[in-house]
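To start, the structure itself, in structure tokens.
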Amino acid sequence: MTTVEEMACQELVERVTDYLDAALTDADLTRFEEHVDECPGCEEVLHQFQAVVELTGHLEPADVAAIDATTRDTLLDAFRTWHNERQ
Amino acid sequence: MEQELASSEDELVIRLKAGDELAFRSLIEEYNAPLRRVARRYVATDAAADEVVQDTWVGVLRGIDRFEQRSSLKTWIYRILLNIARTRGVRDKRSIPFASLAADDKDGPTFEPERFQHANDPHPGHWAAFPTRWHDQPEIRAVGHETIAVVRAALEMLPPNQQEVVRLRDIEGWTSAEVCNALELTETNQRVLLHRGRAKLRAALETYFSEAMSA
């Protein structure tokens with residue numbers, strides 16, 4: 001056997017974010033990609049994680065929480081005071 | 001791209017230093033909510049978190065003239081926030097360093113062990129049965145309202161640290177380095193949190209699609 005040890009599915013599914021962040025070592029990257037090429041289950045899981053990232057990206061920051069008008073006005077007042085004081 | 005980002009940030013800093021109110025307004029609209037979420041982890045109440053964030057903005061205004069852009073504007077603002085939040089958290093006896101919570105539930109696998117073959121099966125560690133295919137469902141491609149609702153609900157259920165990292169990385173588009181700097185996490189901890197968070201969103205979609213497809 002000259003090939004490196006195969007990456008099992010159970011290990012691969014825990015390394016998907018490392019893969020997407022380009023944080024795998026060269027050896028693990030090879031093991032990861034060789035496995036995904038051969039394994040429809042892991043290929044699907046990789047695509048699912050990519051779909052999750054894509055879908056999450058559609059949640060706008062404003063969609064989950066935005067600055068309320070009162071806070072914004074208070075901060076803008078503070079800004080004007082600061083600006084006037086340094087003139 | 002990076003060049004472009006850098007120059008638009010340079011411009012923003014110049015405008016802030018010049019006292020341009022619109023520049024400040026765009027800054028608070030972008031960062032107030034995420035700052036508040038981070039602050040909330042260090043202090044006991046929403047009201048205290050609001051004070052921390054307000055003090056942070058005051059600190060930004062007081063410090064902007066001396067800000068030399070050795071770090072990004074974003075990282076600099078988060079560092080001001082963390083200093084204030086920690087001081088306040090210690091005073092309120094509620095100091096929870098992010099890194100110590102970073103390990104929350106990190107030891108458990110993100111896929112149930114039953115989904116894989118066991119040691120005495122023909123291929124230990126390989127799928128017992130392949131996961132259901134749904135990544136190319138039309139609803140995913142079309143970014144359907146229901147799918148988005150599933151993701152949003154699952155996101156809100158995540159533990160605070162996982163949620164924060166997923167929000168910053170996948171919603172607000174921060175780089176890994178920016179998240180690590182702002183939250184003072186190691187690269188490894190950051191990726192563990194991100195992966196565990198994403199894995200739970202994936203599991204929520206899996207449940208949603210297996211119910212939809214068997215209906």
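Numbering starts fresh at 1 for the residues of each chain in the structure tokens, the chains themselves are lettered A, B, ... in the order given, and ligands are numbered from 1 as they appear.
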Quick one: contact table of chain A to chain B, 6 Å max, nearest atom pair and distance in Å to one decimal per residue, counting only C-alpha atoms, chain and number order, as JSON lines?
```
{"residue": "A:Ala8", "atom": "CA", "partner": "B:Gly125", "partner_atom": "CA", "distance": 5.3}
{"residue": "A:Cys9", "atom": "CA", "partner": "B:His126", "partner_atom": "CA", "distance": 4.8}
{"residue": "A:Gln10", "atom": "CA", "partner": "B:Gly125", "partner_atom": "CA", "distance": 5.1}
{"residue": "A:Thr17", "atom": "CA", "partner": "B:His195", "partner_atom": "CA", "distance": 5.5}
{"residue": "A:Gly41", "atom": "CA", "partner": "B:Phe130", "partner_atom": "CA", "distance": 4.8}
{"residue": "A:His47", "atom": "CA", "partner": "B:His135", "partner_atom": "CA", "distance": 6.0}
{"residue": "A:Gln48", "atom": "CA", "partner": "B:His135", "partner_atom": "CA", "distance": 5.1}
{"residue": "A:Gly57", "atom": "CA", "partner": "B:Ile171", "partner_atom": "CA", "distance": 4.7}
{"residue": "A:Ala65", "atom": "CA", "partner": "B:Ala33", "partner_atom": "CA", "distance": 6.0}
{"residue": "A:Ala66", "atom": "CA", "partner": "B:Ala33", "partner_atom": "CA", "distance": 5.7}
{"residue": "A:Ile67", "atom": "CA", "partner": "B:Ala33", "partner_atom": "CA", "distance": 5.8}
{"residue": "A:His83", "atom": "CA", "partner": "B:Gly19", "partner_atom": "CA", "distance": 5.8}
```
Using the selection just defined, write its residues with C-alpha atoms as a short mmCIF file (atom, residue, chain, number, x, y, z; two decimals), in the first residue's frame.
```cif
data_model
loop_
_atom_site.label_atom_id
_atom_site.label_comp_id
_atom_site.auth_asym_id
_atom_site.auth_seq_id
_atom_site.Cartn_x
_atom_site.Cartn_y
_atom_site.Cartn_z
CA ALA A 8 -13.68 7.58 6.62
CA CYS A 9 -17.06 9.23 6.06
CA GLN A 10 -17.43 9.80 9.79
CA THR A 17 -15.74 23.50 7.28
CA GLY A 41 -22.97 10.23 0.51
CA HIS A 47 -23.09 20.10 -1.19
CA GLN A 48 -25.48 20.37 1.75
CA GLY A 57 -26.09 34.32 3.39
CA ALA A 65 -31.59 42.50 14.11
CA ALA A 66 -31.36 46.14 13.18
CA ILE A 67 -30.59 49.33 15.06
CA HIS A 83 -18.30 67.14 16.24
#
```
Sel. of alpha helix (DSSP H) residues, chain A, as a ChimeraX atom specification: /A:9-12,16-20,26-38,40-56,61-64,69-85
Between CA of Glu211 (chain B) and CA of Met157 (chain B) - distance in Å to one decimal: 19.9 Å
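Our summary of the geometry notes that CA of Gln162 (chain B) is positioned 26.6 Å from CA of Glu33 (chain A).
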So that I can check the surroundings of Glu38 (chain A), please list as an mmCIF file with N, CA and C atoms, in the first residue's frame every protein, DNA and RNA residue that reaches within 12 Å of it, counting only C-alpha atoms and ignoring chain neighbours fewer than 4 positions away.
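Below is the file that was written, out.cif:
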```cif
data_model
loop_
_atom_site.group_PDB
_atom_site.id
_atom_site.type_symbol
_atom_site.label_atom_id
_atom_site.label_comp_id
_atom_site.auth_asym_id
_atom_site.auth_seq_id
_atom_site.Cartn_x
_atom_site.Cartn_y
_atom_site.Cartn_z
ATOM 1 N N GLU A 6 -7.144 6.103 4.035
ATOM 2 C CA GLU A 6 -8.368 6.711 3.546
ATOM 3 C C GLU A 6 -9.078 7.469 4.667
ATOM 4 N N MET A 7 -9.763 8.551 4.301
ATOM 5 C CA MET A 7 -10.552 9.300 5.280
ATOM 6 C C MET A 7 -11.933 8.643 5.337
ATOM 7 N N ALA A 8 -12.358 8.193 6.506
ATOM 8 C CA ALA A 8 -13.677 7.584 6.624
ATOM 9 C C ALA A 8 -14.748 8.674 6.562
ATOM 10 N N CYS A 9 -15.955 8.268 6.161
ATOM 11 C CA CYS A 9 -17.062 9.231 6.057
ATOM 12 C C CYS A 9 -17.265 9.970 7.374
ATOM 13 N N ARG A 31 -6.808 13.467 0.747
ATOM 14 C CA ARG A 31 -7.692 12.415 1.283
ATOM 15 C C ARG A 31 -9.154 12.847 1.164
ATOM 16 N N PHE A 32 -9.415 14.099 1.486
ATOM 17 C CA PHE A 32 -10.786 14.617 1.451
ATOM 18 C C PHE A 32 -11.337 14.547 0.029
ATOM 19 N N GLU A 33 -10.561 15.094 -0.922
ATOM 20 C CA GLU A 33 -11.079 15.186 -2.294
ATOM 21 C C GLU A 33 -11.193 13.816 -2.956
ATOM 22 N N GLU A 34 -10.241 12.936 -2.648
ATOM 23 C CA GLU A 34 -10.334 11.587 -3.211
ATOM 24 C C GLU A 34 -11.566 10.872 -2.685
ATOM 25 N N CYS A 42 -20.891 11.393 0.938
ATOM 26 C CA CYS A 42 -20.081 12.527 1.406
ATOM 27 C C CYS A 42 -20.141 13.692 0.424
ATOM 28 N N GLU A 43 -20.264 13.368 -0.863
ATOM 29 C CA GLU A 43 -20.416 14.432 -1.856
ATOM 30 C C GLU A 43 -21.690 15.229 -1.563
ATOM 31 N N GLU A 44 -22.756 14.474 -1.240
ATOM 32 C CA GLU A 44 -24.022 15.134 -0.912
ATOM 33 C C GLU A 44 -23.868 16.023 0.336
#
```
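Candidate residues A:Val52, A:Leu12, A:Ala23, A:Leu59 were compared for distance to Cys39 (chain A), and the nearest is A:Leu12, using only C-alpha atoms.
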